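The structure appears below as structure tokens.
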Amino acid sequence: QVRLVESGGGSVQAGGSLRLSCAASGNTNGIYYMAWFRQAPGKEREAVARIYLRGDNTYYADSVKGRFTISQESAQNTLYLQMNSLKSEDTAMYYCAADKTLGSRGGSWYSTSEYHYWGQGTQVTVSS
């Protein structure tokens, strides 16, 4: 099994920055992809960014391009999300996700069904 634990969330004013971390433990061998998703109250969970761990290829939702950066520290099995120029609409619970399927499970990188392992989330609140 793989355990994912997020940290780094908090409250910040619009225009500020936060860095989220996701620590992976357990049987982490074979993880190809890790991603960040978020879910605001009353809304569906949506993809924020994904990284291919073997090559550092990254993907971003249009809403965060140019503001957020996903990265990894492979030696520590840690995933990061640097969030700059935060907006009130970025307020959500942020989740870390991972998967061991190379390629695709049949969906797109931004589909929740593409990820088998999930963390419990960390809250990000941006006040305007």
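All residue names refer to the structure tokens as shown: chains lettered A, B, ... in order, residues numbered from 1 in each chain, ligands numbered from 1 in order.
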Please return, as a PyMOL selection string, all residues of chain A that DSSP assigns to helix (DSSP H, G or I) on the basis of the backbone. chain A and resi 74-76+88-90+112-114
Non-local contacts of Tyr117 of chain A (9 Å; only C-alpha atoms; under 3 positions in same chain excluded) as a count of residues only: 8
Best match for closeness to Lys65 of chain A among A:Ser17, A:Asn84, A:Asn29, A:Thr112, counting only C-alpha atoms: A:Asn84
Quick one: residues within 12 Å of Gln72 of chain A, only C-alpha atoms counted, chain neighbours fewer than 2 positions away excluded, as number ranges by chain? A: 20-24, 32-36, 50-58, 69-70, 74-82
Would you mind exporting the chosen residues as a tab-separated table (two decimals), in the first residue's frame, restricted to N, CA, C and O atoms?
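And here is the file that came out, part.tsv:
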```tsv
chain	number	residue	atom	x	y	z
A	20	LEU	N	2.57	23.54	-0.75
A	20	LEU	CA	2.03	22.29	-0.21
A	20	LEU	C	3.05	21.18	-0.41
A	20	LEU	O	3.80	21.17	-1.38
A	21	SER	N	3.04	20.25	0.54
A	21	SER	CA	3.90	19.08	0.45
A	21	SER	C	3.05	17.82	0.56
A	21	SER	O	2.01	17.83	1.22
A	22	CYS	N	3.51	16.76	-0.06
A	22	CYS	CA	2.86	15.45	0.04
A	22	CYS	C	3.95	14.42	0.24
A	22	CYS	O	4.78	14.21	-0.65
A	23	ALA	N	3.95	13.79	1.40
A	23	ALA	CA	4.93	12.77	1.72
A	23	ALA	C	4.35	11.40	1.41
A	23	ALA	O	3.29	11.04	1.94
A	24	ALA	N	5.06	10.65	0.58
A	24	ALA	CA	4.63	9.30	0.21
A	24	ALA	C	5.44	8.28	0.99
A	24	ALA	O	6.65	8.40	1.12
A	32	TYR	N	4.37	5.96	-11.00
A	32	TYR	CA	4.77	6.70	-12.19
A	32	TYR	C	4.27	8.16	-12.16
A	32	TYR	O	4.96	9.05	-12.63
A	33	TYR	N	3.08	8.36	-11.63
A	33	TYR	CA	2.48	9.68	-11.67
A	33	TYR	C	2.05	10.12	-10.28
A	33	TYR	O	1.55	9.32	-9.50
A	34	MET	N	2.22	11.40	-10.00
A	34	MET	CA	1.64	12.02	-8.82
A	34	MET	C	0.97	13.32	-9.24
A	34	MET	O	1.40	13.96	-10.21
A	35	ALA	N	-0.07	13.66	-8.52
A	35	ALA	CA	-0.86	14.82	-8.94
A	35	ALA	C	-1.45	15.53	-7.73
A	35	ALA	O	-1.50	14.98	-6.63
A	36	TRP	N	-1.88	16.74	-7.97
A	36	TRP	CA	-2.64	17.53	-7.00
A	36	TRP	C	-4.03	17.76	-7.57
A	36	TRP	O	-4.17	18.15	-8.74
A	50	ARG	N	-0.13	17.65	-12.57
A	50	ARG	CA	0.38	16.28	-12.50
A	50	ARG	C	1.84	16.28	-12.93
A	50	ARG	O	2.27	17.09	-13.76
A	51	ILE	N	2.59	15.32	-12.40
A	51	ILE	CA	3.98	15.16	-12.78
A	51	ILE	C	4.28	13.69	-13.02
A	51	ILE	O	3.78	12.82	-12.29
A	52	TYR	N	5.02	13.42	-14.09
A	52	TYR	CA	5.51	12.07	-14.38
A	52	TYR	C	6.85	11.93	-13.68
A	52	TYR	O	7.80	12.65	-14.00
A	53	LEU	N	6.92	11.02	-12.72
A	53	LEU	CA	8.07	10.97	-11.84
A	53	LEU	C	9.36	10.53	-12.52
A	53	LEU	O	10.45	10.88	-12.08
A	54	ARG	N	9.24	9.79	-13.62
A	54	ARG	CA	10.45	9.27	-14.27
A	54	ARG	C	11.06	10.27	-15.25
A	54	ARG	O	12.16	10.07	-15.73
A	55	GLY	N	10.34	11.34	-15.58
A	55	GLY	CA	10.86	12.28	-16.57
A	55	GLY	C	10.56	13.72	-16.28
A	55	GLY	O	10.98	14.60	-17.01
A	56	ASP	N	9.82	13.98	-15.17
A	56	ASP	CA	9.48	15.34	-14.77
A	56	ASP	C	8.53	16.05	-15.73
A	56	ASP	O	8.40	17.28	-15.67
A	57	ASN	N	7.89	15.32	-16.64
A	57	ASN	CA	6.87	15.95	-17.47
A	57	ASN	C	5.74	16.45	-16.57
A	57	ASN	O	5.31	15.74	-15.67
A	58	THR	N	5.28	17.67	-16.84
A	58	THR	CA	4.24	18.24	-16.00
A	58	THR	C	3.03	18.69	-16.82
A	58	THR	O	3.16	19.02	-18.01
A	69	THR	N	3.35	25.63	-9.48
A	69	THR	CA	4.41	24.77	-9.99
A	69	THR	C	4.44	23.47	-9.19
A	69	THR	O	4.55	23.50	-7.96
A	70	ILE	N	4.35	22.35	-9.90
A	70	ILE	CA	4.44	21.04	-9.27
A	70	ILE	C	5.87	20.54	-9.41
A	70	ILE	O	6.51	20.73	-10.46
A	74	SER	N	12.58	13.28	-5.28
A	74	SER	CA	12.47	11.83	-5.35
A	74	SER	C	13.20	11.13	-4.21
A	74	SER	O	12.75	10.10	-3.72
A	75	ALA	N	14.31	11.69	-3.78
A	75	ALA	CA	15.07	11.05	-2.71
A	75	ALA	C	14.27	10.99	-1.42
A	75	ALA	O	14.49	10.12	-0.58
A	76	GLN	N	13.36	11.92	-1.25
A	76	GLN	CA	12.54	11.96	-0.03
A	76	GLN	C	11.11	11.53	-0.28
A	76	GLN	O	10.27	11.65	0.61
A	77	ASN	N	10.83	11.06	-1.50
A	77	ASN	CA	9.46	10.64	-1.84
A	77	ASN	C	8.45	11.74	-1.50
A	77	ASN	O	7.40	11.47	-0.89
A	78	THR	N	8.79	12.95	-1.90
A	78	THR	CA	7.94	14.08	-1.56
A	78	THR	C	7.53	14.84	-2.82
A	78	THR	O	8.36	15.08	-3.70
A	79	LEU	N	6.27	15.19	-2.86
A	79	LEU	CA	5.70	15.99	-3.94
A	79	LEU	C	5.40	17.37	-3.40
A	79	LEU	O	4.99	17.51	-2.24
A	80	TYR	N	5.60	18.40	-4.23
A	80	TYR	CA	5.33	19.76	-3.82
A	80	TYR	C	4.38	20.45	-4.79
A	80	TYR	O	4.29	20.08	-5.96
A	81	LEU	N	3.71	21.47	-4.27
A	81	LEU	CA	2.93	22.36	-5.12
A	81	LEU	C	3.20	23.79	-4.62
A	81	LEU	O	2.74	24.16	-3.54
A	82	GLN	N	3.96	24.53	-5.39
A	82	GLN	CA	4.21	25.93	-5.07
A	82	GLN	C	3.10	26.76	-5.69
A	82	GLN	O	2.90	26.71	-6.90
```
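Excluding Phe37 of chain A itself and any same-chain residue fewer than 4 positions from it, the protein and nucleic acid residues within 8 Å of it, counting only C-alpha atoms, are Arg45, Glu46, Ala47, Val48, Ala49, Tyr94, Tyr95, Cys96 and Ala97 of chain A.
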Using the selection just defined, write its residues with all heavy atoms as a compact mmCIF listing (two decimals), in the first residue's frame.
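Result written to again23.txt:
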```
# COMPACT_ATOMS: atom_id res chain seq x y z
N ARG A 45 -14.35 17.41 -7.42
CA ARG A 45 -12.91 17.42 -7.31
C ARG A 45 -12.31 17.66 -8.69
O ARG A 45 -12.72 17.02 -9.67
CB ARG A 45 -12.41 16.10 -6.74
CG ARG A 45 -10.97 16.12 -6.30
CD ARG A 45 -10.61 14.87 -5.50
NE ARG A 45 -11.37 14.80 -4.25
CZ ARG A 45 -11.10 13.92 -3.29
NH1 ARG A 45 -10.10 13.06 -3.42
NH2 ARG A 45 -11.83 13.90 -2.20
N GLU A 46 -11.35 18.57 -8.77
CA GLU A 46 -10.76 18.92 -10.06
C GLU A 46 -9.25 18.83 -9.99
O GLU A 46 -8.63 19.07 -8.95
CB GLU A 46 -11.17 20.33 -10.49
CG GLU A 46 -10.68 21.44 -9.59
CD GLU A 46 -10.99 22.83 -10.12
OE1 GLU A 46 -11.67 22.95 -11.15
OE2 GLU A 46 -10.55 23.81 -9.49
N ALA A 47 -8.67 18.48 -11.14
CA ALA A 47 -7.22 18.36 -11.22
C ALA A 47 -6.57 19.73 -11.24
O ALA A 47 -7.10 20.68 -11.83
CB ALA A 47 -6.83 17.59 -12.47
N VAL A 48 -5.42 19.82 -10.58
CA VAL A 48 -4.64 21.05 -10.56
C VAL A 48 -3.36 20.87 -11.39
O VAL A 48 -3.06 21.68 -12.26
CB VAL A 48 -4.28 21.44 -9.12
CG1 VAL A 48 -3.36 22.64 -9.09
CG2 VAL A 48 -5.54 21.70 -8.31
N ALA A 49 -2.62 19.80 -11.10
CA ALA A 49 -1.36 19.57 -11.80
C ALA A 49 -0.94 18.11 -11.64
O ALA A 49 -1.35 17.44 -10.69
CB ALA A 49 -0.26 20.47 -11.24
N TYR A 94 -7.07 20.58 -0.79
CA TYR A 94 -6.13 20.10 -1.79
C TYR A 94 -5.70 18.68 -1.44
O TYR A 94 -5.29 18.41 -0.31
CB TYR A 94 -4.92 21.03 -1.87
CG TYR A 94 -5.21 22.29 -2.64
CD1 TYR A 94 -6.04 23.28 -2.10
CD2 TYR A 94 -4.69 22.50 -3.90
CE1 TYR A 94 -6.35 24.43 -2.81
CE2 TYR A 94 -4.97 23.66 -4.62
CZ TYR A 94 -5.81 24.61 -4.07
OH TYR A 94 -6.10 25.75 -4.78
N TYR A 95 -5.77 17.81 -2.45
CA TYR A 95 -5.46 16.40 -2.27
C TYR A 95 -4.28 15.99 -3.14
O TYR A 95 -4.17 16.41 -4.29
CB TYR A 95 -6.65 15.53 -2.66
CG TYR A 95 -7.87 15.74 -1.81
CD1 TYR A 95 -8.84 16.67 -2.18
CD2 TYR A 95 -8.07 15.01 -0.65
CE1 TYR A 95 -9.96 16.87 -1.41
CE2 TYR A 95 -9.19 15.20 0.13
CZ TYR A 95 -10.13 16.14 -0.25
OH TYR A 95 -11.24 16.34 0.53
N CYS A 96 -3.46 15.12 -2.59
CA CYS A 96 -2.37 14.50 -3.32
C CYS A 96 -2.85 13.14 -3.83
O CYS A 96 -3.59 12.44 -3.12
CB CYS A 96 -1.19 14.34 -2.36
SG CYS A 96 0.23 13.47 -3.00
N ALA A 97 -2.44 12.78 -5.03
CA ALA A 97 -2.84 11.50 -5.61
C ALA A 97 -1.65 10.86 -6.31
O ALA A 97 -0.73 11.55 -6.75
CB ALA A 97 -3.97 11.70 -6.60
```
Name the residues in contact with Asp90 of chain A at a cut-off of 8 Å, using only C-alpha atoms, excluding same-chain residues fewer than 4 positions from it; report them as a list in words. Leu86, Val124, Thr125 and Val126 of chain A
Rounded to one decimal, what separation in Å do you get between atom CA of Tyr115 of chain A and atom CA of Thr91 of chain A? 22.4 Å
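Comparing the minimum interatomic distances between Lys43 of chain A and each of A:Val12, A:Arg19, A:Ser7, A:Ala92, counting only C-alpha atoms, we find that A:Ala92 sits nearest.
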Which residue, A:Ser88, A:Met93, A:Glu73, A:Trp118, has the smallest gap to Glu44 of chain A when you use only C-alpha atoms? A:Met93
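One finds atom CA of Ala14 of chain A at 25.8 Å from atom CA of Gly119 of chain A.
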What parts of chain A does DSSP call strand (DSSP E)? I'd like the answer as a PyMOL selection string. chain A and resi 2-7+10-13+18-26+33-39+46-52+58-60+68-73+78-83+92-99+117-118+122-127
